[in-house]
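Structure first, then comments.
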Amino acid sequence: MKYILGISCFYHDSAACLLHQGQIVAAAQEERFSRVKHDAAFPLDAIRYCLQQAGIGLEQVSQVVYYDKPLLKFERLLDTYLACAPRGFLSFVRAMPVWLKEKLYLKSVLRRELRQLGATAPLPELLFCQHHQSHAASAFYPSPFQKALVICLDGVGEWVTSSIWLGEGNQLTALQELHFPHSLGLLYSAFTQYCGFRVNSGEYKLMGLAPYGEPRYVELIYQHLIDVKADGSFALNMDYFAYPVGERMINSRFEQLLGRPALAYDATPDQHYLDAARSVQQVTEEVVMAIVRHACDRYGVRDICLAGGVALNCVANGRLVAEQVCDRLWIQPAAGDAGGALGAAMLAWFGHHQQPRIADEVQDQMQLALLGPEYSSAQIRAELQQQGLVFTELQAEDKYQQVAGLLAQGAVVGWFQGRMEFGPRALGHRSILADPRCAQMQKTLNLKIKQRESFRPFAPAVLAERAQEFFALAHQSPYMLLVAALQPEHRLAPQAESQGLAQRLQPRSLLPAITHVDYSARLQTVSAQHQQFYPLLKAFEQQTGCPVLINTSFNVRGEPPVCSPADAIAGFLATEMDYLVLGDFLLSKTQQPHDQLEQARQRSFTPD
């Protein structure tokens, strides 16, 4: 009875994953418990949850596997500082105490933290794997493929920034890699900072901003910032970047090249920054496609698995599918560092222990990414009663019809069901739902509920069997990791010419709330396997004829998606959400105690 615990922490997006005999028992990010977005702390609560889900203590875990090799990372930092000296001295002085006190002695730190779990027996064996190994393992081992190429693209691990692997059976073999400082992820992060967003959290905003711009700076980027070879390999011109030893991603030469200084954080971007976003997005897509095309041609394998932060670029992923760059594509839903915890655990099971792996070429092993905590009706009822809230209990036979009716009337509904999702996407278990046919819904959701920038698009969840009626995607997208174009028959021509962010005011389709300015959408296809989300979509389809709902994560700006009933209640009371469905319990905003609503609305939301 072998349990293996994988952990990622101390950089960003800490997480834990527990395997039993190679099968995923549980996985969760620490941010969901701590309520600190992108929490980098040791994932103590995430580990507690995983052990609780399995009904075991730490003494029953055979190995704990860390997703990174800190000594290699320290070597890279020292080499980089020495190569750039005396530049970066202040950054060096700030970084070294943390390394000399903790990160160099990570084994001791991990053991100290694990002892907080109350283990009475000796601690489990502690193993380490390389960062891109953990990414590759997270992408291949849970995939449905018996054999595939695995491509990992991110900022940087220890030294590696991009890597190509061959996965076959239970084996992962490294084929090619690129090293720091040459990184597609860091190029994208540089433009993220340039356009006024935070690095490591604002990249998805840059992707959403890009369609408002024109690719005016693509040639400039290729001429001065990145040299891309025919095989997709590339090198950055480090004269324009400060990230190896600086506090910023970019330097003054970068700003001079683009012709304007970096936008102040959280300022509204004008056309210049929209064009910069569009340009780096196009370059990123082209480099990703070149890498995948080269790998398929060189190694004669046309099934591809993706992981690493760049694999969350849904537009690039959509182009890989739309332009048939590969035959089949599978993307780890927790593609960033959180997924490294899963990859580390699987690498121990299949690599270290050489256990056999079975892949049926159809079904992946991610269990729809529903790997987080679940709360019983008794737990939910107790929380509602403790807070003195007004609620009704829905009967199973008409629960979905009732909620669909509210959505059809234009209500915004918080939807909290079953196990929490693992990874950054809400997949119908910790979601805010609404009717995509309503022209004002994007503005309402962004400004009154999510408390975020008005340009941000919303994703559609669509019945899998009807997806191709609405979207040009001959591919399932259960993890909301692909962008596809809306079919022409559902499009509307803009009524007036507009530029920049003003374009968002022009309805683009008969489903205006989920159609981006370029007629695209990042969609989730929902099949009957989604036992608590599919029936709601079916009920909405029966009542309206529309098989699509807006599905956005159940959180407000600056906070991670909700985990517990208490988190969901807090978000519901503090925003303009109309209804909340917690399991089988329905809450209406208008029926809640006035004093609690007033108190909840005093909350301030931290910009992300």
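Identifiers in this document derive from the order of the structure tokens: chains are assigned A, B, ..., residues are numbered from 1 separately in each chain, and ligands are numbered from 1 in order of occurrence.
Every residue of region 452-580 of chain A with a DSSP assignment of strand (DSSP E or B), taken from the backbone, is listed as A:Pro460, A:Ala461, A:Val462, A:Leu463, A:Phe471, A:Leu482, A:Val483, A:Ala484, A:Ala485, A:Leu486, A:Arg491, A:Ser509, A:Ser520, A:Ala521, A:Arg522, A:Leu523, A:Gln524, A:Thr525, A:Val526, A:Val548, A:Leu549, A:Ile550, A:Asn551, A:Thr552, A:Ser553, A:Tyr579, A:Leu580.
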Handout entry: Surrounding residues of Pro547 (chain A) excluding itself and chain neighbours under 4 positions, 9 Å, only C-alpha atoms, as a PyMOL selection string
Key = chain A and resi 461-463+466-467+537-542
Kindly save the residues from that selection, with C-alpha atoms included, as a short mmCIF file (atom, residue, chain, number, x, y, z; two decimals), in the first residue's frame.
```cif
data_model
loop_
_atom_site.label_atom_id
_atom_site.label_comp_id
_atom_site.auth_asym_id
_atom_site.auth_seq_id
_atom_site.Cartn_x
_atom_site.Cartn_y
_atom_site.Cartn_z
CA ALA A 461 -19.07 26.40 -20.80
CA VAL A 462 -20.85 24.55 -23.61
CA LEU A 463 -22.45 21.13 -23.90
CA ARG A 466 -23.21 20.97 -29.35
CA ALA A 467 -19.84 22.72 -29.11
CA LEU A 537 -26.34 23.11 -18.74
CA LYS A 538 -28.92 20.65 -20.09
CA ALA A 539 -31.65 22.30 -18.03
CA PHE A 540 -30.59 25.75 -19.29
CA GLU A 541 -30.63 24.42 -22.87
CA GLN A 542 -34.13 22.99 -22.38
#
```
Problem - Given only C-alpha atoms as the counted atoms, nearest of A:Ser377, A:Gln282, A:Gln193, A:Gln355 to Asn170 (chain A) - result: A:Gln355
Problem - Separation of CA of Glu203 (chain A) from CA of Thr161 (chain A), in Å and rounded to one decimal - result: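 Between CA of Glu203 (chain A) and CA of Thr161 (chain A) the gap is 16.7 Å.
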Exercise for the section: Excluding Arg425 (chain A) and residues on its chain fewer than 6 positions from it, collect all residues at most 12 Å away from it, counting only C-alpha atoms, and give them as number ranges by chain. Expected result: A: 204, 312, 314, 332-336, 368-370, 431-432, 458-459, 461, 477-482, 522-524, 551-555, 560-562
Problem - Residues within 12 Å of Arg601 (chain A), only C-alpha atoms, excluding chain neighbours under 5 positions, as a ChimeraX atom specification - result: /A:448-449,570-577,594-596
Write to file, as an mmCIF file, in the first residue's frame, the residues of the selection just made, with all heavy atoms.
```cif
data_model
loop_
_atom_site.group_PDB
_atom_site.id
_atom_site.type_symbol
_atom_site.label_atom_id
_atom_site.label_comp_id
_atom_site.auth_asym_id
_atom_site.auth_seq_id
_atom_site.Cartn_x
_atom_site.Cartn_y
_atom_site.Cartn_z
ATOM 1 N N LYS A 448 -19.076 44.734 -11.025
ATOM 2 C CA LYS A 448 -19.879 44.626 -9.810
ATOM 3 C C LYS A 448 -19.609 43.365 -9.009
ATOM 4 O O LYS A 448 -19.922 43.312 -7.820
ATOM 5 C CB LYS A 448 -21.365 44.694 -10.168
ATOM 6 C CG LYS A 448 -21.797 46.054 -10.685
ATOM 7 C CD LYS A 448 -23.303 46.123 -10.830
ATOM 8 C CE LYS A 448 -23.746 47.521 -11.252
ATOM 9 N NZ LYS A 448 -25.222 47.623 -11.346
ATOM 10 N N ILE A 449 -19.052 42.342 -9.651
ATOM 11 C CA ILE A 449 -18.887 41.076 -8.951
ATOM 12 C C ILE A 449 -17.418 40.675 -8.855
ATOM 13 O O ILE A 449 -16.900 40.473 -7.763
ATOM 14 C CB ILE A 449 -19.727 39.975 -9.625
ATOM 15 C CG1 ILE A 449 -21.212 40.349 -9.451
ATOM 16 C CG2 ILE A 449 -19.442 38.604 -9.023
ATOM 17 C CD1 ILE A 449 -22.154 39.576 -10.283
ATOM 18 N N ALA A 570 -18.774 34.409 1.986
ATOM 19 C CA ALA A 570 -18.134 35.722 2.095
ATOM 20 C C ALA A 570 -18.133 36.438 0.753
ATOM 21 O O ALA A 570 -18.435 37.635 0.666
ATOM 22 C CB ALA A 570 -16.717 35.569 2.634
ATOM 23 N N GLY A 571 -17.791 35.719 -0.322
ATOM 24 C CA GLY A 571 -17.784 36.323 -1.650
ATOM 25 C C GLY A 571 -19.176 36.701 -2.117
ATOM 26 O O GLY A 571 -19.375 37.747 -2.746
ATOM 27 N N PHE A 572 -20.150 35.878 -1.815
ATOM 28 C CA PHE A 572 -21.542 36.142 -2.186
ATOM 29 C C PHE A 572 -22.071 37.395 -1.502
ATOM 30 O O PHE A 572 -22.667 38.276 -2.139
ATOM 31 C CB PHE A 572 -22.387 34.921 -1.810
ATOM 32 C CG PHE A 572 -23.871 35.129 -1.866
ATOM 33 C CD1 PHE A 572 -24.512 35.385 -3.073
ATOM 34 C CD2 PHE A 572 -24.643 35.056 -0.717
ATOM 35 C CE1 PHE A 572 -25.889 35.565 -3.126
ATOM 36 C CE2 PHE A 572 -26.013 35.232 -0.757
ATOM 37 C CZ PHE A 572 -26.637 35.487 -1.974
ATOM 38 N N LEU A 573 -21.838 37.517 -0.210
ATOM 39 C CA LEU A 573 -22.370 38.649 0.540
ATOM 40 C C LEU A 573 -21.682 39.968 0.176
ATOM 41 O O LEU A 573 -22.296 41.029 0.239
ATOM 42 C CB LEU A 573 -22.228 38.398 2.044
ATOM 43 C CG LEU A 573 -23.040 37.242 2.633
ATOM 44 C CD1 LEU A 573 -22.745 37.080 4.115
ATOM 45 C CD2 LEU A 573 -24.538 37.441 2.397
ATOM 46 N N ALA A 574 -20.410 39.905 -0.221
ATOM 47 C CA ALA A 574 -19.638 41.126 -0.444
ATOM 48 C C ALA A 574 -19.806 41.700 -1.843
ATOM 49 O O ALA A 574 -19.322 42.796 -2.125
ATOM 50 C CB ALA A 574 -18.156 40.847 -0.186
ATOM 51 N N THR A 575 -20.481 40.987 -2.746
ATOM 52 C CA THR A 575 -20.603 41.428 -4.136
ATOM 53 C C THR A 575 -22.071 41.523 -4.534
ATOM 54 O O THR A 575 -22.970 41.283 -3.724
ATOM 55 C CB THR A 575 -19.880 40.451 -5.081
ATOM 56 O OG1 THR A 575 -20.554 39.176 -5.031
ATOM 57 C CG2 THR A 575 -18.426 40.265 -4.676
ATOM 58 N N GLU A 576 -22.303 41.856 -5.817
ATOM 59 C CA GLU A 576 -23.667 42.011 -6.319
ATOM 60 C C GLU A 576 -24.220 40.711 -6.911
ATOM 61 O O GLU A 576 -25.134 40.747 -7.731
ATOM 62 C CB GLU A 576 -23.692 43.115 -7.381
ATOM 63 C CG GLU A 576 -23.231 44.472 -6.876
ATOM 64 C CD GLU A 576 -24.088 44.976 -5.719
ATOM 65 O OE1 GLU A 576 -25.322 44.867 -5.800
ATOM 66 O OE2 GLU A 576 -23.509 45.468 -4.733
ATOM 67 N N MET A 577 -23.669 39.572 -6.489
ATOM 68 C CA MET A 577 -24.189 38.284 -6.931
ATOM 69 C C MET A 577 -25.645 38.135 -6.468
ATOM 70 O O MET A 577 -25.974 38.495 -5.339
ATOM 71 C CB MET A 577 -23.330 37.172 -6.327
ATOM 72 C CG MET A 577 -23.137 35.956 -7.189
ATOM 73 S SD MET A 577 -22.009 34.775 -6.378
ATOM 74 C CE MET A 577 -20.524 35.763 -6.188
ATOM 75 N N HIS A 594 -29.843 42.377 6.640
ATOM 76 C CA HIS A 594 -29.290 43.638 6.160
ATOM 77 C C HIS A 594 -27.946 43.956 6.804
ATOM 78 O O HIS A 594 -27.003 44.399 6.126
ATOM 79 C CB HIS A 594 -30.278 44.781 6.426
ATOM 80 C CG HIS A 594 -29.776 46.123 5.984
ATOM 81 N ND1 HIS A 594 -29.731 46.499 4.655
ATOM 82 C CD2 HIS A 594 -29.273 47.181 6.696
ATOM 83 C CE1 HIS A 594 -29.234 47.712 4.565
ATOM 84 N NE2 HIS A 594 -28.959 48.155 5.779
ATOM 85 N N ASP A 595 -27.832 43.717 8.122
ATOM 86 C CA ASP A 595 -26.588 44.074 8.808
ATOM 87 C C ASP A 595 -25.415 43.242 8.323
ATOM 88 O O ASP A 595 -24.289 43.742 8.214
ATOM 89 C CB ASP A 595 -26.749 43.943 10.330
ATOM 90 C CG ASP A 595 -27.131 42.542 10.748
ATOM 91 O OD1 ASP A 595 -27.724 41.804 9.920
ATOM 92 O OD2 ASP A 595 -26.863 42.162 11.905
ATOM 93 N N GLN A 596 -25.661 41.974 7.980
ATOM 94 C CA GLN A 596 -24.575 41.139 7.466
ATOM 95 C C GLN A 596 -24.144 41.578 6.073
ATOM 96 O O GLN A 596 -22.959 41.557 5.747
ATOM 97 C CB GLN A 596 -24.998 39.668 7.468
ATOM 98 C CG GLN A 596 -25.016 39.068 8.872
ATOM 99 C CD GLN A 596 -25.384 37.595 8.839
ATOM 100 O OE1 GLN A 596 -26.506 37.229 9.118
ATOM 101 N NE2 GLN A 596 -24.423 36.765 8.497
#
```
Handout entry: Pairwise distance for CA of Leu126 (chain A) and CA of Val64 (chain A), rounded to one decimal in Å
Key = 5.0 Å
Problem - CA of Gln281 (chain A) to CA of Phe197 (chain A), distance in Å rounded to a single decimal - result: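 Calculated distance between CA of Gln281 (chain A) and CA of Phe197 (chain A) is 14.8 Å.
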